[in-house]
Amino acid sequence: MTHDKPEEAMTFGELLALISEQQRRLTVLESAFANLTFCLDDRASQLLVHNLTLEAQNQNHDEQLQHQFARLAEEIQKCAGTVQGQEKG
(Lines give C-alpha, C1' and ligand atoms only; values in the text may rest on other atoms or scores of the structure.)
Protein backbone atom coordinates (compact mmCIF):
# COMPACT_ATOMS: atom_id res chain seq x y z
CA MET A 1 0.00 0.00 0.00
CA THR A 2 1.21 3.46 -0.78
CA HIS A 3 -0.10 6.88 0.04
CA ASP A 4 -0.76 7.29 -3.68
CA LYS A 5 -3.00 4.19 -3.85
CA PRO A 6 -4.69 3.74 -0.45
CA GLU A 7 -7.09 1.16 -1.88
CA GLU A 8 -4.28 -1.39 -2.32
CA ALA A 9 -3.87 -4.07 0.33
CA MET A 10 -1.05 -3.58 2.77
CA THR A 11 1.33 -6.42 3.52
CA PHE A 12 2.17 -7.27 7.12
CA GLY A 13 5.72 -5.98 6.59
CA GLU A 14 4.40 -2.69 5.25
CA LEU A 15 2.07 -2.40 8.23
CA LEU A 16 4.96 -2.97 10.64
CA ALA A 17 7.06 -0.39 8.80
CA LEU A 18 4.20 2.12 8.95
CA ILE A 19 3.69 1.52 12.67
CA SER A 20 7.42 1.91 13.28
CA GLU A 21 7.48 5.17 11.32
CA GLN A 22 4.50 6.51 13.27
CA GLN A 23 6.14 5.56 16.57
CA ARG A 24 9.28 7.47 15.62
CA ARG A 25 7.26 10.50 14.58
CA LEU A 26 5.32 10.40 17.83
CA THR A 27 8.55 10.14 19.83
CA VAL A 28 9.88 13.25 18.08
CA LEU A 29 6.65 15.15 18.79
CA GLU A 30 6.64 14.11 22.45
CA SER A 31 10.25 15.17 22.82
CA ALA A 32 9.63 18.51 21.12
CA PHE A 33 6.56 19.17 23.25
CA ALA A 34 8.36 18.25 26.47
CA ASN A 35 11.30 20.49 25.54
CA LEU A 36 8.97 23.40 24.86
CA THR A 37 8.01 23.31 28.52
CA PHE A 38 11.48 24.63 29.35
CA CYS A 39 10.32 27.90 27.75
CA LEU A 40 7.33 28.22 30.05
CA ASP A 41 7.32 30.25 33.22
CA ASP A 42 6.27 28.60 36.46
CA ARG A 43 2.61 29.64 36.23
CA ALA A 44 2.20 28.55 32.60
CA SER A 45 3.80 25.21 33.40
CA GLN A 46 1.44 24.68 36.34
CA LEU A 47 -1.56 25.51 34.15
CA LEU A 48 -0.43 23.09 31.48
CA VAL A 49 0.00 20.27 33.99
CA HIS A 50 -3.40 21.09 35.50
CA ASN A 51 -5.13 21.04 32.11
CA LEU A 52 -3.47 17.77 31.12
CA THR A 53 -4.52 16.28 34.46
CA LEU A 54 -8.11 17.33 33.76
CA GLU A 55 -7.90 15.66 30.36
CA ALA A 56 -6.64 12.52 32.10
CA GLN A 57 -9.81 12.54 34.17
CA ASN A 58 -12.13 13.21 31.21
CA GLN A 59 -14.58 10.32 30.99
CA ASN A 60 -15.12 11.04 27.28
CA HIS A 61 -11.61 9.64 26.65
CA ASP A 62 -10.91 5.94 26.72
CA GLU A 63 -8.71 4.54 29.49
CA GLN A 64 -5.55 4.38 27.36
CA LEU A 65 -5.90 8.02 26.27
CA GLN A 66 -6.51 9.09 29.86
CA HIS A 67 -3.34 7.24 30.84
CA GLN A 68 -1.33 9.02 28.15
CA PHE A 69 -2.57 12.44 29.29
CA ALA A 70 -1.61 11.55 32.88
CA ARG A 71 1.82 10.34 31.74
CA LEU A 72 2.46 13.55 29.80
CA ALA A 73 1.37 15.66 32.79
CA GLU A 74 3.83 13.75 35.00
CA GLU A 75 6.67 14.19 32.50
CA ILE A 76 6.06 17.92 32.21
CA GLN A 77 5.86 18.23 35.98
CA LYS A 78 9.23 16.45 36.25
CA CYS A 79 10.76 18.79 33.67
CA ALA A 80 9.35 21.83 35.45
CA GLY A 81 10.68 20.54 38.78
CA THR A 82 14.12 20.05 37.25
CA VAL A 83 14.18 23.58 35.84
CA GLN A 84 12.98 25.08 39.14
CA GLY A 85 15.65 23.12 41.01
CA GLN A 86 18.35 24.43 38.68
CA GLU A 87 17.18 28.03 39.06
CA LYS A 88 17.26 27.81 42.86
CA GLY A 89 20.66 26.11 42.98
# chains A, B, ... in the order shown; residues from 1 in each chain; ligands from 1

call {"tool": "select_by_dssp", "arguments": {"residues": "chain A", "states": "alpha helix (DSSP H)", "output": "ChimeraX atom specification"}}
result
/A:12-36,42-56,63-88

call {"tool": "residues_around", "arguments": {"residues": "range 29-36 of chain A", "least_positions_apart": "2", "cutoff": "8 Å", "atoms": "only C-alpha atoms", "output": "MDAnalysis selection string"}}
result
chainID A and resid 25:27 38:40 75:76 79

call {"tool": "atom_distance", "arguments": {"atom1": "CA of Ser45 in chain A", "atom2": "CA of Gln77 in chain A"}}
result
7.7 Å

call {"tool": "closest_residue", "arguments": {"among": "A:Leu65, A:Thr37, A:Ala80, A:Ala73", "to": "Asn51 in chain A", "atoms": "only C-alpha atoms"}}
result
A:Ala73

call {"tool": "residues_around", "arguments": {"residues": "Glu74 in chain A", "least_positions_apart": "4", "cutoff": "9 Å", "atoms": "only C-alpha atoms", "output": "ChimeraX atom specification"}}
result
/A:49,53,69-70,78-79

call {"tool": "atom_distance", "arguments": {"atom1": "CA of Leu72 in chain A", "atom2": "CA of Leu48 in chain A"}}
result
10.1 Å

call {"tool": "atom_distance", "arguments": {"atom1": "CA of Gln59 in chain A", "atom2": "CA of Ser20 in chain A"}}
result
29.5 Å

call {"tool": "decode", "arguments": {"residues": "range 32-55 of chain A", "atoms": "N, CA, C and O atoms", "output": "PDB file, in the first residue's frame"}}
result
ATOM      1  N   ALA A  32       9.728  17.072  21.431  1.00  0.00           N
ATOM      2  CA  ALA A  32       9.632  18.510  21.125  1.00  0.00           C
ATOM      3  C   ALA A  32       8.678  19.198  22.088  1.00  0.00           C
ATOM      4  O   ALA A  32       8.985  20.273  22.615  1.00  0.00           O
ATOM      5  N   PHE A  33       7.545  18.577  22.345  1.00  0.00           N
ATOM      6  CA  PHE A  33       6.565  19.172  23.245  1.00  0.00           C
ATOM      7  C   PHE A  33       7.126  19.277  24.662  1.00  0.00           C
ATOM      8  O   PHE A  33       6.975  20.302  25.320  1.00  0.00           O
ATOM      9  N   ALA A  34       7.778  18.227  25.128  1.00  0.00           N
ATOM     10  CA  ALA A  34       8.365  18.253  26.466  1.00  0.00           C
ATOM     11  C   ALA A  34       9.449  19.322  26.567  1.00  0.00           C
ATOM     12  O   ALA A  34       9.543  20.028  27.572  1.00  0.00           O
ATOM     13  N   ASN A  35      10.247  19.481  25.518  1.00  0.00           N
ATOM     14  CA  ASN A  35      11.304  20.493  25.538  1.00  0.00           C
ATOM     15  C   ASN A  35      10.754  21.912  25.487  1.00  0.00           C
ATOM     16  O   ASN A  35      11.376  22.841  26.002  1.00  0.00           O
ATOM     17  N   LEU A  36       9.594  22.081  24.882  1.00  0.00           N
ATOM     18  CA  LEU A  36       8.970  23.404  24.860  1.00  0.00           C
ATOM     19  C   LEU A  36       8.603  23.867  26.270  1.00  0.00           C
ATOM     20  O   LEU A  36       8.547  25.062  26.536  1.00  0.00           O
ATOM     21  N   THR A  37       8.383  22.927  27.153  1.00  0.00           N
ATOM     22  CA  THR A  37       8.013  23.305  28.520  1.00  0.00           C
ATOM     23  C   THR A  37       9.145  24.055  29.219  1.00  0.00           C
ATOM     24  O   THR A  37       8.895  24.784  30.176  1.00  0.00           O
ATOM     25  N   PHE A  38      10.364  23.896  28.760  1.00  0.00           N
ATOM     26  CA  PHE A  38      11.484  24.634  29.349  1.00  0.00           C
ATOM     27  C   PHE A  38      11.348  26.138  29.081  1.00  0.00           C
ATOM     28  O   PHE A  38      11.960  26.951  29.759  1.00  0.00           O
ATOM     29  N   CYS A  39      10.538  26.494  28.087  1.00  0.00           N
ATOM     30  CA  CYS A  39      10.324  27.904  27.747  1.00  0.00           C
ATOM     31  C   CYS A  39       9.201  28.537  28.567  1.00  0.00           C
ATOM     32  O   CYS A  39       9.000  29.747  28.499  1.00  0.00           O
ATOM     33  N   LEU A  40       8.471  27.712  29.297  1.00  0.00           N
ATOM     34  CA  LEU A  40       7.333  28.223  30.052  1.00  0.00           C
ATOM     35  C   LEU A  40       7.763  28.753  31.411  1.00  0.00           C
ATOM     36  O   LEU A  40       8.665  28.206  32.040  1.00  0.00           O
ATOM     37  N   ASP A  41       7.081  29.799  31.856  1.00  0.00           N
ATOM     38  CA  ASP A  41       7.325  30.253  33.219  1.00  0.00           C
ATOM     39  C   ASP A  41       6.595  29.300  34.172  1.00  0.00           C
ATOM     40  O   ASP A  41       5.859  28.405  33.745  1.00  0.00           O
ATOM     41  N   ASP A  42       6.808  29.492  35.447  1.00  0.00           N
ATOM     42  CA  ASP A  42       6.269  28.599  36.461  1.00  0.00           C
ATOM     43  C   ASP A  42       4.749  28.497  36.379  1.00  0.00           C
ATOM     44  O   ASP A  42       4.179  27.409  36.412  1.00  0.00           O
ATOM     45  N   ARG A  43       4.081  29.620  36.254  1.00  0.00           N
ATOM     46  CA  ARG A  43       2.614  29.637  36.228  1.00  0.00           C
ATOM     47  C   ARG A  43       2.081  28.912  34.990  1.00  0.00           C
ATOM     48  O   ARG A  43       1.140  28.120  35.075  1.00  0.00           O
ATOM     49  N   ALA A  44       2.647  29.185  33.842  1.00  0.00           N
ATOM     50  CA  ALA A  44       2.196  28.546  32.602  1.00  0.00           C
ATOM     51  C   ALA A  44       2.410  27.036  32.670  1.00  0.00           C
ATOM     52  O   ALA A  44       1.565  26.251  32.224  1.00  0.00           O
ATOM     53  N   SER A  45       3.511  26.637  33.244  1.00  0.00           N
ATOM     54  CA  SER A  45       3.803  25.213  33.398  1.00  0.00           C
ATOM     55  C   SER A  45       2.780  24.544  34.313  1.00  0.00           C
ATOM     56  O   SER A  45       2.284  23.456  34.021  1.00  0.00           O
ATOM     57  N   GLN A  46       2.448  25.208  35.418  1.00  0.00           N
ATOM     58  CA  GLN A  46       1.444  24.675  36.341  1.00  0.00           C
ATOM     59  C   GLN A  46       0.080  24.552  35.660  1.00  0.00           C
ATOM     60  O   GLN A  46      -0.624  23.557  35.852  1.00  0.00           O
ATOM     61  N   LEU A  47      -0.289  25.548  34.870  1.00  0.00           N
ATOM     62  CA  LEU A  47      -1.565  25.508  34.154  1.00  0.00           C
ATOM     63  C   LEU A  47      -1.601  24.369  33.134  1.00  0.00           C
ATOM     64  O   LEU A  47      -2.618  23.689  32.981  1.00  0.00           O
ATOM     65  N   LEU A  48      -0.496  24.171  32.450  1.00  0.00           N
ATOM     66  CA  LEU A  48      -0.425  23.093  31.476  1.00  0.00           C
ATOM     67  C   LEU A  48      -0.593  21.743  32.158  1.00  0.00           C
ATOM     68  O   LEU A  48      -1.369  20.892  31.708  1.00  0.00           O
ATOM     69  N   VAL A  49       0.119  21.535  33.251  1.00  0.00           N
ATOM     70  CA  VAL A  49       0.001  20.273  33.994  1.00  0.00           C
ATOM     71  C   VAL A  49      -1.430  20.091  34.497  1.00  0.00           C
ATOM     72  O   VAL A  49      -2.004  18.999  34.395  1.00  0.00           O
ATOM     73  N   HIS A  50      -2.025  21.162  35.003  1.00  0.00           N
ATOM     74  CA  HIS A  50      -3.396  21.087  35.500  1.00  0.00           C
ATOM     75  C   HIS A  50      -4.369  20.700  34.382  1.00  0.00           C
ATOM     76  O   HIS A  50      -5.217  19.812  34.560  1.00  0.00           O
ATOM     77  N   ASN A  51      -4.235  21.338  33.229  1.00  0.00           N
ATOM     78  CA  ASN A  51      -5.131  21.039  32.107  1.00  0.00           C
ATOM     79  C   ASN A  51      -4.945  19.616  31.601  1.00  0.00           C
ATOM     80  O   ASN A  51      -5.926  18.941  31.261  1.00  0.00           O
ATOM     81  N   LEU A  52      -3.710  19.149  31.548  1.00  0.00           N
ATOM     82  CA  LEU A  52      -3.469  17.768  31.124  1.00  0.00           C
ATOM     83  C   LEU A  52      -4.041  16.784  32.138  1.00  0.00           C
ATOM     84  O   LEU A  52      -4.570  15.724  31.760  1.00  0.00           O
ATOM     85  N   THR A  53      -3.953  17.130  33.411  1.00  0.00           N
ATOM     86  CA  THR A  53      -4.519  16.280  34.457  1.00  0.00           C
ATOM     87  C   THR A  53      -6.042  16.214  34.327  1.00  0.00           C
ATOM     88  O   THR A  53      -6.645  15.146  34.492  1.00  0.00           O
ATOM     89  N   LEU A  54      -6.658  17.338  33.999  1.00  0.00           N
ATOM     90  CA  LEU A  54      -8.108  17.334  33.760  1.00  0.00           C
ATOM     91  C   LEU A  54      -8.463  16.449  32.568  1.00  0.00           C
ATOM     92  O   LEU A  54      -9.448  15.705  32.611  1.00  0.00           O
ATOM     93  N   GLU A  55      -7.663  16.526  31.519  1.00  0.00           N
ATOM     94  CA  GLU A  55      -7.900  15.658  30.356  1.00  0.00           C
ATOM     95  C   GLU A  55      -7.755  14.189  30.744  1.00  0.00           C
ATOM     96  O   GLU A  55      -8.475  13.330  30.246  1.00  0.00           O
TER      97      GLU A  55
END
